[in-house]
Amino acid sequence: MDLSSVGKSIRRYRLEKKIMQETLAEKTDLSANYIGMIERGEKTPSLSTLVSIANALGVTADMLLSDVVEQSYDVKTSVLIDKIASLPKTEQERIFDVIDTLIAHADK
C-alpha cells in the first residue's frame, strides 16, 4: 500500500481549490512544513489529521484515500459524476457519448 498517494491527493485538492500550504496549515493547526512533508509522502498523517485536512479542503476522506482504498473506482466514479453533473447539458451529452463509444469498443 502506497500511502504517499494520500499526500498527492491532498496536494491536488489543495491546488484545485487554490489554497496555499500556509492557509491549509492555519485551518488545521498544523505547520506549513508538516503539510509539505505529508504532500511529498515523507510523513503519513494520523486519522485525526487526515479528517482535519479533509474538512479544511471541503472534501471527503474517501476522496483523499481513493488511490489507496481497494474500492477506489467507486469513489472516482462518484467524483466524476459530480464533476459531470456541474457541466452544461450539451457537455454532459458529449461526455456520455464518448464514454458509450469507449465501452462499446472495450475488450470484453
# chains A, B, ... in the order shown; residues from 1 in each chain; ligands from 1
$ residues_around --residues "Leu30 (chain A)" --least-positions-apart "6" --cutoff "12 Å" --atoms "only C-alpha atoms" --output "list in words"
Gln21, Glu22, Thr23, Leu24, Gly36, Met37, Ile38, Pro45, Ser48, Thr49, Leu50, Ser52, Ile53 and Ala56 of chain A
$ closest_residue --among "A:Tyr13, A:Ser86, A:Ile35, A:Asp100" --to "Thr60 (chain A)" --atoms "only C-alpha atoms"
A:Tyr13
$ atom_distance --atom1 "CA of Asp82 (chain A)" --atom2 "CA of Arg14 (chain A)"
18.0 Å
$ atom_distance --atom1 "CA of Gly7 (chain A)" --atom2 "CA of Leu65 (chain A)"
9.3 Å
$ closest_residue --among "A:Val79, A:Ala85, A:Ile19, A:Val51" --to "Ser66 (chain A)" --atoms "only C-alpha atoms"
A:Val79
$ atom_distance --atom1 "CA of Val59 (chain A)" --atom2 "CA of Ile103 (chain A)"
29.3 Å
$ closest_residue --among "A:Asn33, A:Gly41, A:Leu47, A:Leu87" --to "Ala61 (chain A)" --atoms "only C-alpha atoms"
A:Leu47
$ select_by_dssp --residues "chain A" --states "alpha helix (DSSP H)" --output "ChimeraX atom specification"
/A:4-16,21-28,32-39,47-57,61-65,72-85,89-104
$ write_last_selection --atoms "C-alpha atoms" --output "PDB file, in the first residue's frame"
ATOM      1  CA  SER A   4       2.366   8.651  -0.325  1.00  0.00           C
ATOM      2  CA  SER A   5      -0.556   8.906  -2.753  1.00  0.00           C
ATOM      3  CA  VAL A   6      -2.625  10.335   0.133  1.00  0.00           C
ATOM      4  CA  GLY A   7      -0.258  13.300   0.189  1.00  0.00           C
ATOM      5  CA  LYS A   8      -0.519  13.642  -3.581  1.00  0.00           C
ATOM      6  CA  SER A   9      -4.316  13.708  -3.287  1.00  0.00           C
ATOM      7  CA  ILE A  10      -4.135  16.366  -0.577  1.00  0.00           C
ATOM      8  CA  ARG A  11      -1.867  18.469  -2.780  1.00  0.00           C
ATOM      9  CA  ARG A  12      -4.112  18.004  -5.836  1.00  0.00           C
ATOM     10  CA  TYR A  13      -7.265  19.106  -3.985  1.00  0.00           C
ATOM     11  CA  ARG A  14      -5.415  21.971  -2.280  1.00  0.00           C
ATOM     12  CA  LEU A  15      -4.216  23.273  -5.638  1.00  0.00           C
ATOM     13  CA  GLU A  16      -7.637  22.772  -7.254  1.00  0.00           C
ATOM     14  CA  GLN A  21       0.053  25.355   2.199  1.00  0.00           C
ATOM     15  CA  GLU A  22       0.239  28.116   4.798  1.00  0.00           C
ATOM     16  CA  THR A  23      -3.526  28.670   4.644  1.00  0.00           C
ATOM     17  CA  LEU A  24      -4.220  24.946   4.961  1.00  0.00           C
ATOM     18  CA  ALA A  25      -1.803  24.811   7.878  1.00  0.00           C
ATOM     19  CA  GLU A  26      -3.659  27.636   9.643  1.00  0.00           C
ATOM     20  CA  LYS A  27      -7.032  25.943   9.103  1.00  0.00           C
ATOM     21  CA  THR A  28      -5.748  22.657  10.529  1.00  0.00           C
ATOM     22  CA  ALA A  32       3.141  24.522   6.625  1.00  0.00           C
ATOM     23  CA  ASN A  33       6.326  22.441   6.804  1.00  0.00           C
ATOM     24  CA  TYR A  34       4.345  19.432   8.058  1.00  0.00           C
ATOM     25  CA  ILE A  35       1.722  19.889   5.319  1.00  0.00           C
ATOM     26  CA  GLY A  36       4.580  19.877   2.788  1.00  0.00           C
ATOM     27  CA  MET A  37       6.024  16.681   4.259  1.00  0.00           C
ATOM     28  CA  ILE A  38       2.616  14.987   4.027  1.00  0.00           C
ATOM     29  CA  GLU A  39       2.180  16.118   0.419  1.00  0.00           C
ATOM     30  CA  LEU A  47      -6.582   9.740  11.184  1.00  0.00           C
ATOM     31  CA  SER A  48      -7.492  12.906  13.089  1.00  0.00           C
ATOM     32  CA  THR A  49      -5.067  14.938  10.962  1.00  0.00           C
ATOM     33  CA  LEU A  50      -6.493  13.438   7.767  1.00  0.00           C
ATOM     34  CA  VAL A  51     -10.027  14.319   8.871  1.00  0.00           C
ATOM     35  CA  SER A  52      -8.932  17.836   9.777  1.00  0.00           C
ATOM     36  CA  ILE A  53      -7.294  18.296   6.355  1.00  0.00           C
ATOM     37  CA  ALA A  54     -10.342  16.863   4.556  1.00  0.00           C
ATOM     38  CA  ASN A  55     -12.632  19.265   6.415  1.00  0.00           C
ATOM     39  CA  ALA A  56     -10.368  22.222   5.677  1.00  0.00           C
ATOM     40  CA  LEU A  57     -10.303  21.325   1.974  1.00  0.00           C
ATOM     41  CA  ALA A  61     -11.723  11.396   3.462  1.00  0.00           C
ATOM     42  CA  ASP A  62     -12.514   8.757   0.834  1.00  0.00           C
ATOM     43  CA  MET A  63     -11.607  11.286  -1.851  1.00  0.00           C
ATOM     44  CA  LEU A  64      -8.189  11.684  -0.239  1.00  0.00           C
ATOM     45  CA  LEU A  65      -7.819   7.917   0.142  1.00  0.00           C
ATOM     46  CA  SER A  72     -11.261   3.438  -5.227  1.00  0.00           C
ATOM     47  CA  TYR A  73     -13.118   3.120  -8.526  1.00  0.00           C
ATOM     48  CA  ASP A  74     -16.413   3.624  -6.701  1.00  0.00           C
ATOM     49  CA  VAL A  75     -15.013   6.834  -5.222  1.00  0.00           C
ATOM     50  CA  LYS A  76     -13.549   8.017  -8.536  1.00  0.00           C
ATOM     51  CA  THR A  77     -16.832   7.266 -10.290  1.00  0.00           C
ATOM     52  CA  SER A  78     -18.714   9.296  -7.705  1.00  0.00           C
ATOM     53  CA  VAL A  79     -16.307  12.235  -8.041  1.00  0.00           C
ATOM     54  CA  LEU A  80     -16.544  12.141 -11.840  1.00  0.00           C
ATOM     55  CA  ILE A  81     -20.334  12.006 -11.736  1.00  0.00           C
ATOM     56  CA  ASP A  82     -20.349  15.118  -9.538  1.00  0.00           C
ATOM     57  CA  LYS A  83     -17.994  16.906 -11.937  1.00  0.00           C
ATOM     58  CA  ILE A  84     -20.058  15.923 -14.981  1.00  0.00           C
ATOM     59  CA  ALA A  85     -23.290  16.986 -13.263  1.00  0.00           C
ATOM     60  CA  LYS A  89     -26.259  19.614 -20.569  1.00  0.00           C
ATOM     61  CA  THR A  90     -24.618  19.749 -24.005  1.00  0.00           C
ATOM     62  CA  GLU A  91     -21.204  18.992 -22.461  1.00  0.00           C
ATOM     63  CA  GLN A  92     -22.713  16.184 -20.393  1.00  0.00           C
ATOM     64  CA  GLU A  93     -24.187  14.609 -23.535  1.00  0.00           C
ATOM     65  CA  ARG A  94     -20.856  14.860 -25.332  1.00  0.00           C
ATOM     66  CA  ILE A  95     -19.021  13.186 -22.451  1.00  0.00           C
ATOM     67  CA  PHE A  96     -21.602  10.400 -22.211  1.00  0.00           C
ATOM     68  CA  ASP A  97     -21.338   9.808 -25.967  1.00  0.00           C
ATOM     69  CA  VAL A  98     -17.572   9.402 -25.619  1.00  0.00           C
ATOM     70  CA  ILE A  99     -17.995   7.031 -22.667  1.00  0.00           C
ATOM     71  CA  ASP A 100     -20.604   4.980 -24.570  1.00  0.00           C
ATOM     72  CA  THR A 101     -18.200   4.699 -27.520  1.00  0.00           C
ATOM     73  CA  LEU A 102     -15.321   3.614 -25.293  1.00  0.00           C
ATOM     74  CA  ILE A 103     -17.476   0.992 -23.598  1.00  0.00           C
ATOM     75  CA  ALA A 104     -18.743  -0.333 -26.945  1.00  0.00           C
TER      76      ALA A 104
END
